[in-house]
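File shown: work_1.cif (mmCIF, C-alpha atoms).
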```
data_data
loop_
_atom_site.label_atom_id
_atom_site.label_comp_id
_atom_site.auth_asym_id
_atom_site.auth_seq_id
_atom_site.Cartn_x
_atom_site.Cartn_y
_atom_site.Cartn_z
CA MET A 1 79.60 58.20 120.27
CA ILE A 2 82.78 57.85 118.24
CA PRO A 3 85.51 56.15 120.26
CA THR A 4 88.89 57.85 120.63
CA ILE A 5 91.65 55.82 119.02
CA ASN A 6 95.27 56.06 120.05
CA PRO A 7 97.12 56.35 116.68
CA LEU A 8 100.06 54.40 118.08
CA ARG A 9 97.87 51.28 118.30
CA ARG A 10 97.76 51.17 114.50
CA PHE A 11 101.45 50.20 114.32
CA PRO A 12 103.24 47.10 115.56
CA ALA A 13 105.45 47.57 118.59
CA TYR A 14 108.69 47.19 116.62
CA MET A 15 107.59 49.97 114.25
CA ILE A 16 106.95 52.28 117.17
CA PHE A 17 110.42 51.44 118.51
CA LEU A 18 112.04 52.29 115.15
CA CYS A 19 110.19 55.60 114.95
CA PHE A 20 111.92 56.69 118.12
CA LEU A 21 115.25 54.96 117.47
CA ILE A 22 116.01 56.41 114.00
CA PRO A 23 115.74 60.12 114.91
CA ALA A 24 117.85 59.49 118.00
CA CYS A 25 120.56 57.80 115.94
CA LEU A 26 120.55 60.60 113.40
CA GLY A 27 120.90 63.16 116.15
CA LEU A 28 123.81 61.19 117.67
CA LEU A 29 125.50 60.94 114.26
CA SER A 30 125.19 64.67 113.74
CA ALA A 31 126.73 65.31 117.14
CA CYS A 32 129.61 62.94 116.41
CA GLN A 33 130.44 64.88 113.27
CA GLY A 34 131.21 67.90 115.42
CA THR A 35 129.89 71.46 115.66
CA PRO A 36 131.57 74.76 114.83
CA ASP A 37 133.85 76.10 117.54
CA ASN A 38 132.45 79.60 117.05
CA LYS A 39 129.43 79.89 119.30
CA ASN A 40 128.16 82.66 117.04
CA PHE A 41 128.14 80.38 113.98
CA ILE A 42 125.10 80.96 111.81
CA SER A 43 123.67 78.92 108.95
CA THR A 44 121.60 80.23 106.09
CA ASP A 45 118.52 79.13 108.01
CA SER A 46 119.38 81.04 111.17
CA ILE A 47 116.69 83.36 112.49
CA VAL A 48 118.83 85.38 114.88
CA ILE A 49 122.50 86.34 114.77
CA ASN A 50 123.99 86.44 118.24
CA LEU A 51 126.62 89.15 118.12
CA PRO A 52 129.64 88.82 120.42
CA ASP A 53 129.39 90.69 123.69
CA PRO A 54 131.03 94.14 123.68
CA GLN A 55 134.65 94.11 124.77
CA PRO A 56 135.31 95.44 128.28
CA LEU A 57 135.84 99.18 128.64
CA VAL A 58 137.33 100.55 131.85
CA GLU A 59 135.11 102.98 133.70
CA HIS A 60 137.43 105.99 133.62
CA GLU A 61 137.87 105.60 129.85
CA ALA A 62 134.13 105.41 129.33
CA LYS A 63 133.68 108.57 131.41
CA ARG A 64 136.40 110.39 129.50
CA LEU A 65 134.81 109.56 126.17
CA HIS A 66 131.34 110.50 127.40
CA THR A 67 132.54 113.87 128.67
CA ALA A 68 134.33 114.62 125.39
CA CYS A 69 131.24 113.71 123.37
CA GLN A 70 128.99 115.80 125.60
CA THR A 71 131.26 118.81 125.17
CA TRP A 72 131.22 118.43 121.38
CA TYR A 73 127.46 117.88 121.34
CA ASP A 74 126.77 120.98 123.45
CA SER A 75 129.07 123.23 121.45
CA ILE A 76 128.44 121.99 117.91
CA LEU A 77 125.47 119.73 117.32
CA GLU A 78 122.83 121.09 119.68
CA LYS A 79 123.53 124.69 118.68
CA SER A 80 122.94 123.84 115.03
CA GLY A 81 119.26 123.13 115.55
CA PHE A 82 119.92 119.39 115.40
CA ASN A 83 116.80 117.25 115.21
CA GLY A 84 117.78 113.61 115.44
CA GLY A 85 119.89 111.03 117.24
CA ILE A 86 123.54 110.28 117.96
CA VAL A 87 125.35 107.20 119.26
CA VAL A 88 129.08 106.98 119.92
CA ALA A 89 130.52 103.58 120.82
CA LYS A 90 133.85 102.08 121.78
CA ASN A 91 134.47 98.31 121.67
CA GLY A 92 130.75 97.89 121.04
CA ASN A 93 129.85 99.79 124.22
CA ILE A 94 127.73 102.93 123.86
CA VAL A 95 129.61 105.75 125.59
CA PHE A 96 127.33 108.57 124.46
CA GLU A 97 123.73 108.61 123.23
CA LYS A 98 121.38 111.52 122.77
CA TYR A 99 118.08 112.25 121.04
CA ARG A 100 116.64 115.67 120.39
CA GLY A 101 113.57 117.17 118.78
CA MET A 102 110.31 116.00 117.25
CA GLY A 103 109.69 113.64 114.37
CA HIS A 104 107.17 116.12 112.98
CA LEU A 105 108.20 119.66 113.84
CA ASP A 106 104.56 120.67 114.22
CA ARG A 107 103.68 117.82 116.59
CA GLN A 108 104.73 116.48 119.96
CA ASP A 109 106.11 113.14 118.72
CA THR A 110 109.40 113.16 120.59
CA ILE A 111 112.36 111.54 118.85
CA THR A 112 113.60 108.48 120.74
CA ALA A 113 116.00 105.60 120.24
CA THR A 114 113.31 103.79 118.23
CA THR A 115 112.60 106.63 115.76
CA PRO A 116 113.81 105.57 112.28
CA PHE A 117 115.55 108.13 110.06
CA HIS A 118 116.26 108.05 106.35
CA ILE A 119 120.01 107.41 106.24
CA ALA A 120 120.31 108.44 102.58
CA SER A 121 123.60 107.36 100.98
CA VAL A 122 124.69 105.49 104.09
CA SER A 123 122.31 102.91 102.57
CA LYS A 124 125.05 102.21 100.02
CA THR A 125 127.09 100.45 102.70
CA ILE A 126 124.29 97.91 103.13
CA THR A 127 123.65 97.49 99.41
CA ALA A 128 127.36 96.95 98.79
CA MET A 129 127.69 94.32 101.50
CA ALA A 130 124.61 92.54 100.17
CA VAL A 131 126.29 92.28 96.77
CA LEU A 132 129.55 91.16 98.37
CA LYS A 133 127.67 88.50 100.34
CA LEU A 134 126.33 87.11 97.06
CA TRP A 135 129.90 87.19 95.71
CA GLN A 136 131.22 85.45 98.82
CA ASP A 137 128.53 82.79 98.40
CA LYS A 138 129.62 82.35 94.75
CA LYS A 139 126.27 83.52 93.41
CA LEU A 140 128.01 86.07 91.19
CA ASN A 141 131.43 87.38 90.19
CA ILE A 142 131.98 91.07 90.85
CA ASP A 143 134.21 91.28 87.79
CA ASP A 144 131.36 90.17 85.56
CA GLU A 145 129.93 92.83 83.31
CA PHE A 146 126.49 93.99 84.35
CA SER A 147 125.24 93.04 80.89
CA LYS A 148 125.79 89.37 81.76
CA TYR A 149 122.71 89.64 83.98
CA TYR A 150 120.88 92.26 81.91
CA PRO A 151 121.81 91.56 78.27
CA ALA A 152 119.99 94.66 76.94
CA PHE A 153 122.28 96.90 79.02
CA ASN A 154 124.41 98.38 76.25
CA TYR A 155 127.33 99.86 78.20
CA PRO A 156 130.38 97.64 77.51
CA GLY A 157 132.98 97.43 80.25
CA VAL A 158 130.68 98.30 83.14
CA THR A 159 131.33 95.59 85.73
CA ILE A 160 129.74 94.95 89.09
CA ARG A 161 132.98 96.07 90.73
CA SER A 162 132.92 99.36 88.80
CA LEU A 163 129.38 99.96 90.03
CA LEU A 164 130.44 99.30 93.60
CA ASN A 165 133.46 101.63 93.49
CA HIS A 166 131.85 104.39 91.40
CA ARG A 167 134.10 103.91 88.39
CA SER A 168 131.39 102.84 85.93
CA GLY A 169 131.29 106.07 83.93
CA LEU A 170 127.49 106.05 84.01
CA PRO A 171 125.52 109.31 84.30
CA ASN A 172 123.66 110.05 87.52
CA TYR A 173 119.94 109.25 87.35
CA THR A 174 119.16 112.08 89.78
CA HIS A 175 120.37 114.39 87.01
CA PHE A 176 119.09 112.83 83.81
CA MET A 177 115.69 111.84 85.22
CA GLU A 178 115.19 115.43 86.32
CA GLU A 179 115.97 116.64 82.82
CA LEU A 180 114.12 114.00 80.77
CA ILE A 181 111.02 113.23 82.80
CA ALA A 182 108.14 115.55 81.94
CA ASP A 183 105.51 114.18 84.33
CA LYS A 184 107.03 114.42 87.78
CA LYS A 185 103.82 113.33 89.44
CA VAL A 186 104.58 109.71 88.57
CA TYR A 187 106.92 107.88 90.92
CA LEU A 188 109.85 106.17 89.26
CA HIS A 189 111.40 102.86 90.25
CA ASN A 190 114.73 101.12 89.74
CA GLN A 191 113.52 99.42 86.58
CA ASP A 192 112.75 102.85 85.13
CA VAL A 193 116.36 103.88 85.70
CA LEU A 194 117.59 100.80 83.82
CA ASP A 195 115.04 101.30 81.02
CA PHE A 196 116.18 104.91 80.54
CA LEU A 197 119.80 103.84 80.32
CA ILE A 198 118.94 101.22 77.71
CA ASN A 199 116.27 102.90 75.62
CA ARG A 200 117.29 106.56 75.76
CA LYS A 201 121.06 106.27 75.77
CA ALA A 202 121.39 108.70 72.88
CA GLU A 203 119.77 111.44 74.99
CA LEU A 204 122.04 110.98 78.01
CA LYS A 205 124.95 113.28 78.73
CA ASN A 206 128.22 112.69 80.53
CA ILE A 207 128.64 109.00 79.74
CA GLY A 208 132.23 108.24 80.66
CA THR A 209 134.69 105.45 79.99
CA PRO A 210 134.43 102.61 82.54
CA ASN A 211 137.23 102.52 85.11
CA ALA A 212 138.81 105.75 83.87
CA ARG A 213 138.17 107.72 87.04
CA PHE A 214 136.11 107.95 90.21
CA ALA A 215 132.74 109.67 89.79
CA TYR A 216 130.23 109.32 92.61
CA CYS A 217 126.97 108.21 91.00
CA ASN A 218 123.67 107.07 92.49
CA THR A 219 122.81 105.18 89.31
CA ASN A 220 125.40 102.55 90.22
CA TYR A 221 123.58 101.53 93.38
CA ALA A 222 120.12 101.67 91.85
CA LEU A 223 121.40 99.07 89.37
CA LEU A 224 123.02 97.00 92.12
CA ALA A 225 119.66 96.76 93.89
CA LEU A 226 118.20 95.33 90.68
CA LEU A 227 121.08 92.86 90.51
CA ILE A 228 120.38 91.69 94.06
CA GLU A 229 116.77 91.07 93.04
CA LYS A 230 117.82 89.21 89.88
CA ILE A 231 120.24 86.90 91.70
CA SER A 232 118.19 86.30 94.86
CA GLY A 233 114.77 86.03 93.24
CA ILE A 234 113.20 88.30 95.87
CA SER A 235 112.75 92.05 96.15
CA TYR A 236 115.57 94.22 97.43
CA PRO A 237 113.56 95.30 100.52
CA GLU A 238 112.84 91.67 101.38
CA TYR A 239 116.42 90.54 100.74
CA ILE A 240 117.83 93.20 103.06
CA ALA A 241 115.27 92.43 105.75
CA LYS A 242 115.74 88.66 105.48
CA ASN A 243 119.53 88.64 105.45
CA PHE A 244 120.42 91.60 107.66
CA PHE A 245 117.64 93.37 109.53
CA ARG A 246 115.69 90.44 110.94
CA PRO A 247 118.69 88.26 111.88
CA LEU A 248 120.36 91.23 113.59
CA GLN A 249 117.11 92.27 115.27
CA MET A 250 117.38 95.68 113.66
CA ASP A 251 113.73 96.01 114.50
CA HIS A 252 113.35 99.63 113.45
CA SER A 253 115.13 99.37 110.10
CA PHE A 254 113.51 98.89 106.70
CA VAL A 255 113.76 99.81 103.04
CA PHE A 256 111.23 102.51 102.24
CA VAL A 257 108.44 101.69 99.79
CA HIS A 258 105.35 103.72 99.03
CA ALA A 259 103.27 101.84 101.61
CA ASP A 260 105.55 103.30 104.31
CA SER A 261 104.66 106.91 103.46
CA ALA A 262 102.28 107.37 106.38
CA ARG A 263 104.57 105.90 109.03
CA VAL A 264 107.88 107.64 108.35
CA ILE A 265 108.86 110.99 109.75
CA PRO A 266 109.17 113.74 107.12
CA SER A 267 112.23 115.83 106.36
CA TYR A 268 112.80 119.56 106.67
CA ASP A 269 115.27 122.07 105.32
CA TRP A 270 117.57 123.91 107.69
CA ARG A 271 114.93 126.59 108.28
CA GLY A 272 112.36 123.99 109.27
CA GLY A 273 110.49 124.06 105.97
CA PHE A 274 108.69 120.81 105.15
CA ILE A 275 110.08 118.89 102.12
CA PRO A 276 107.58 116.54 100.43
CA ILE A 277 108.62 113.31 98.76
CA ASN A 278 109.06 113.51 95.00
CA PHE A 279 109.12 111.33 91.89
CA LEU A 280 112.57 109.87 92.69
CA ASP A 281 111.74 108.71 96.19
CA LEU A 282 110.91 105.10 95.36
CA VAL A 283 114.29 104.30 93.83
CA TYR A 284 116.31 102.28 96.36
CA GLY A 285 119.77 100.82 96.74
CA ASP A 286 121.51 104.18 96.62
CA LYS A 287 119.24 105.45 99.42
CA ASN A 288 115.82 104.71 100.99
CA ILE A 289 116.87 102.77 104.07
CA PHE A 290 115.37 104.01 107.31
CA SER A 291 117.19 103.04 110.49
CA THR A 292 118.13 104.14 113.99
CA ALA A 293 121.49 104.87 115.55
CA GLU A 294 121.26 101.78 117.76
CA ASP A 295 120.33 99.57 114.80
CA MET A 296 123.26 100.91 112.79
CA LEU A 297 125.55 100.07 115.68
CA LYS A 298 124.37 96.46 115.32
CA TRP A 299 125.28 96.66 111.63
CA ASP A 300 128.73 97.97 112.57
CA ARG A 301 129.22 95.20 115.13
CA LEU A 302 128.24 92.54 112.60
CA LEU A 303 130.88 93.81 110.18
CA ARG A 304 133.51 93.58 112.91
CA SER A 305 132.39 90.19 114.24
CA GLY A 306 133.57 87.82 111.51
CA ILE A 307 130.24 86.00 111.71
CA MET A 308 128.84 86.72 108.27
CA PHE A 309 131.68 88.18 106.20
CA LYS A 310 135.05 86.57 105.61
CA PRO A 311 138.22 88.64 106.11
CA GLU A 312 138.93 88.60 102.37
CA THR A 313 135.44 89.96 101.66
CA LEU A 314 135.98 92.86 104.05
CA GLU A 315 139.45 93.43 102.65
CA ALA A 316 137.94 93.81 99.18
CA ALA A 317 135.34 96.24 100.55
CA TYR A 318 137.95 98.37 102.33
CA THR A 319 140.52 98.43 99.53
CA PRO A 320 141.04 101.83 97.84
CA TYR A 321 140.23 101.66 94.13
CA SER A 322 140.72 105.24 92.95
CA ASN A 323 144.37 106.21 93.15
CA GLU A 324 144.65 108.80 90.38
CA LYS A 325 145.07 111.58 92.90
CA PRO A 326 147.45 111.49 95.87
CA GLY A 327 146.06 111.86 99.36
CA ILE A 328 144.43 109.93 102.15
CA ARG A 329 140.87 110.00 100.77
CA ASN A 330 139.57 107.14 98.66
CA TYR A 331 136.60 104.87 97.95
CA GLY A 332 136.30 101.12 98.32
CA LEU A 333 133.32 98.91 97.51
CA GLY A 334 130.50 100.86 99.10
CA TRP A 335 132.69 102.73 101.58
CA ARG A 336 134.52 106.02 101.69
CA MET A 337 137.79 105.84 103.54
CA ASN A 338 140.75 107.76 104.86
CA ILE A 339 144.02 105.86 104.87
CA TYR A 340 146.75 107.37 107.00
CA PRO A 341 150.53 107.03 106.66
CA ASP A 342 150.68 104.63 109.61
CA GLY A 343 148.24 102.31 107.84
CA SER A 344 145.24 103.06 110.04
CA LYS A 345 141.89 103.44 108.31
CA VAL A 346 138.72 105.36 108.92
CA ILE A 347 135.89 103.68 107.02
CA TYR A 348 132.79 105.82 106.66
CA HIS A 349 129.89 107.08 104.60
CA ASN A 350 127.79 110.21 104.76
CA GLY A 351 124.31 110.70 103.40
CA TRP A 352 121.98 113.48 102.30
CA TRP A 353 118.56 113.25 100.72
CA HIS A 354 116.01 116.05 100.94
CA GLY A 355 116.25 117.27 104.54
CA TYR A 356 117.57 113.99 105.90
CA ASN A 357 121.28 113.62 106.48
CA ALA A 358 123.47 111.12 108.27
CA SER A 359 127.06 110.23 109.10
CA PHE A 360 128.36 106.73 109.81
CA ILE A 361 132.04 106.71 110.82
CA ARG A 362 134.01 103.60 111.80
CA LEU A 363 137.53 103.60 113.20
CA ILE A 364 138.85 100.16 112.36
CA ASN A 365 141.97 100.03 114.57
CA GLU A 366 140.35 101.74 117.55
CA ASN A 367 137.07 99.76 117.31
CA ALA A 368 135.06 102.96 117.65
CA THR A 369 131.91 104.10 115.90
CA ILE A 370 130.20 107.46 115.45
CA ILE A 371 126.61 107.46 114.16
CA ILE A 372 124.56 110.64 113.69
CA MET A 373 121.28 111.07 111.82
CA GLY A 374 118.55 113.66 111.56
CA ASN A 375 115.55 114.85 109.56
CA LYS A 376 116.17 118.63 109.68
CA PHE A 377 119.19 119.32 107.54
CA THR A 378 122.30 120.58 109.30
CA LYS A 379 125.90 120.44 108.17
CA ALA A 380 126.84 119.94 111.80
CA ILE A 381 126.05 116.24 111.42
CA TYR A 382 129.13 115.92 109.21
CA LYS A 383 131.21 117.57 111.91
CA GLY A 384 131.03 114.31 113.81
CA LYS A 385 134.47 113.87 112.24
CA TYR A 386 135.85 116.08 114.99
CA LEU A 387 135.06 113.34 117.49
CA LEU A 388 137.77 111.22 115.89
CA SER A 389 140.35 113.09 117.92
CA ILE A 390 139.05 111.61 121.17
CA PHE A 391 140.03 108.14 119.91
CA GLY A 392 143.36 109.01 118.31
CA ASN A 393 145.21 111.50 116.17
CA THR A 394 143.11 111.16 113.04
CA TYR A 395 141.23 113.60 110.89
CA LEU A 396 138.35 113.17 108.50
CA PRO A 397 137.65 115.85 105.84
CA VAL A 398 134.12 117.16 105.57
CA GLU A 399 131.92 115.48 102.96
CA GLU A 400 128.84 117.66 102.82
CA GLU A 401 126.95 116.27 99.87
CA GLU A 402 126.23 112.59 99.38
CA GLY A 403 123.78 111.43 96.76
CA GLN A 404 121.74 114.63 96.57
CA SER A 405 121.57 116.07 93.08
CA ALA A 406 122.70 119.67 92.75
CA LYS A 407 120.12 119.95 89.96
CA LEU A 408 117.07 118.97 91.96
CA PRO A 409 114.43 121.68 92.49
CA ASP A 410 114.99 124.22 95.24
CA SER A 411 112.06 122.73 97.13
CA VAL A 412 114.14 119.67 97.96
CA MET A 413 117.48 121.41 98.39
CA PRO A 414 118.84 122.94 101.59
CA LYS A 415 119.68 126.58 100.93
#
```
Once you've parsed the file, please lay out its structure as structure tokens.
Amino acid sequence: MIPTINPLRRFPAYMIFLCFLIPACLGLLSACQGTPDNKNFISTDSIVINLPDPQPLVEHEAKRLHTACQTWYDSILEKSGFNGGIVVAKNGNIVFEKYRGMGHLDRQDTITATTPFHIASVSKTITAMAVLKLWQDKKLNIDDEFSKYYPAFNYPGVTIRSLLNHRSGLPNYTHFMEELIADKKVYLHNQDVLDFLINRKAELKNIGTPNARFAYCNTNYALLALLIEKISGISYPEYIAKNFFRPLQMDHSFVFVHADSARVIPSYDWRGGFIPINFLDLVYGDKNIFSTAEDMLKWDRLLRSGIMFKPETLEAAYTPYSNEKPGIRNYGLGWRMNIYPDGSKVIYHNGWWHGYNASFIRLINENATIIIMGNKFTKAIYKGKYLLSIFGNTYLPVEEEEGQSAKLPDSVMPK
């Protein structure tokens, strides 16, 4: 029989004492140096971000907002054949929430608060803030040319900032890939977009001058996803999950990759016709994030919290960069916006890809949020703008098409 030996007996008593004394002293020293006053302080090693509690909302105000939302929902959204989810919040409190329909129209898989939807171009808000987080952490300079990180990229003057604010002058990959790719049975990836820009530049149309004008372009955000991968050393899906989704406990949010094909709900045109995925569906950054309305509310609350992003970072994101035309509408760094004469801002983004569409509207001054998403296309989702009036005298023009190529085949286009 082998005797059991207490490992502590192998050390002299004074050594045992030091083993306990040193960690205790180090802990005391750390405490003496002080801790952040913000109880929501996070370090880069944090696993969970504890968002501030929602601000109080008086009962009669909550009831008023709920009733107004219900009236709009009954008269506009439900009558449109809406198949999806909606959350409306004030001060971080959900005042209205509703889910309707089936994930698969031919099954009985009822849509619930945990059903993820493809949020299409609303994904750009997350890609943009990921880039701005790297900028804030001094991992990159947004006024660097993209070619600094990809030397073969032969488009002088295209900066990271011009990609973020859609002033790069680059052609839209959802157009040129459709025209130049012969075999549409092969799925393309972000690297393919970059390779086309580099190697087949002479065949591309509509290459503009950088920073000459605003031109909404999905190519910009496909390249930004590659940049995130280059700087971080990990894949874009993993970077987004590691830095945003897991810390925020956005448990039903993810970046779509081919392995997710069997678990996501499909999309349908407005008639209910099934729309299959196609050769452009593995390009991410401009789209391809699946999320829920409740998860996106967490994203909204993080942006308002001051926990992760500094005020100057948010100010850069919400600054209008395209002022050639007068009016209240503009684009920041990953965000559409309306800026009103009194200085108030509505920060938002819409999305549309195949039969999926979404609207993510944020009233900055009123601390209110409107989130609508679905997988059976309906323009009524964009009419969530009408709910702005219940929070104040603001108006948001309709933006019906976000990120969906007008040149894609009819099979993927709402008619």
I'd like the residues picked by the PyMOL selection byres ((chain A and resi 97) around 9) written out as a list in words, using the chain letters and numbers from the file.
His66, Gly85, Ile86, Val87, Val88, Ala89, Ile94, Val95, Phe96, Lys98, Tyr99, Ala113 and Ala293 of chain A
Quick one: of A:Lys124, A:Arg304, A:His60, A:Lys90, who's nearest to Ile371 of chain A, counting only C-alpha atoms?
A:Lys90
Which residues would end up in the selection if the PyMOL selection byres ((chain A and resi 159) around 12) were applied here, given that I need the answer as a PyMOL selection string?
chain A and resi 140-150+153+155-158+160-170+209-211+220+223-224+227
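For Thr319 of chain A, the non-local neighbours within 10 Å, defined as residues at least 5 positions apart in the same chain or in other chains and counting only C-alpha atoms, are Asn165, Leu314, Asn330, Tyr331, Gly332, Leu333, Trp335, Arg336, Met337 and Ile339 of chain A.
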What would the selection look like, as number ranges by chain, if the PyMOL selection byres ((chain A and resi 53) around 12) were run on the coordinates I just shared?
A: 39-40, 50-52, 54-57, 91-93, 298, 301-302, 304-305
Nearby residues (all atoms listed in the file) at most 9 Å from Thr115 of chain A, same-chain spacing under 2 positions excluded, as an MDAnalysis selection string:
chainID A and resid 84:85 103 110:113 117 252 264:265 291:292
Please return as a list of chain:residue names every residue within 10 Å of (118.2, 122.0, 118.2), taking into account all atoms listed in the file and the file's own coordinates.
A:Leu77, A:Glu78, A:Lys79, A:Ser80, A:Gly81, A:Phe82, A:Asn83, A:Gly84, A:Arg100, A:Gly101, A:Met102, A:Lys376, A:Thr378
Any chance you could export the current selection's C-alpha atoms as a CSV table (one decimal), in the frame of the given file?
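For reference, part_25.csv as written:
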```csv
chain,number,residue,atom,x,y,z
A,77,LEU,CA,125.5,119.7,117.3
A,78,GLU,CA,122.8,121.1,119.7
A,79,LYS,CA,123.5,124.7,118.7
A,80,SER,CA,122.9,123.8,115.0
A,81,GLY,CA,119.3,123.1,115.6
A,82,PHE,CA,119.9,119.4,115.4
A,83,ASN,CA,116.8,117.2,115.2
A,84,GLY,CA,117.8,113.6,115.4
A,100,ARG,CA,116.6,115.7,120.4
A,101,GLY,CA,113.6,117.2,118.8
A,102,MET,CA,110.3,116.0,117.2
A,376,LYS,CA,116.2,118.6,109.7
A,378,THR,CA,122.3,120.6,109.3
```
Could you jot down the atom CA of Pro151 of chain A to atom CA of Asn218 of chain A separation for me, Å, one decimal place?
21.1 Å
Restricting the calculation to all atoms listed in the file, which member of A:Ile126, A:Leu180, A:Leu248, A:Ala316 is positioned closest to Lys201 of chain A?
A:Leu180
Do you have the atom CA of Pro116 of chain A-atom CA of Glu229 of chain A distance handy?
24.3 Å
Pairwise distance for atom CA of Gly343 of chain A and atom CA of Ile307 of chain A, rounded to one decimal in Å
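These two atoms are separated by 24.6 Å.
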With all atoms listed in the file as the atoms that count, which of A:Ala130, A:Ala182, A:Leu303, A:Ile289 lies nearest to Ala225 of chain A?
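Looking only at the distances to Ala225 of chain A, the closest residue turns out to be A:Ala130.
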From the set A:Lys310, A:Lys184, A:His354, A:Arg362, which residue has the shortest atom-to-atom contact distance to Gly374 of chain A, counting all atoms listed in the file?
A:His354
Counting all atoms listed in the file, figure out which residue out of A:Gln136, A:Asn206, A:Gln108, A:Thr71 gets nearest to Ala317 of chain A.
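With all atoms listed in the file as the atom set, the closest residue is A:Gln136.
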Surrounding residues of Ser389 of chain A excluding itself and chain neighbours under 4 positions, 12 Å, all atoms listed in the file, as a PyMOL selection string
chain A and resi 65+68-69+72+346+363+366+368+370+383-385+393-396
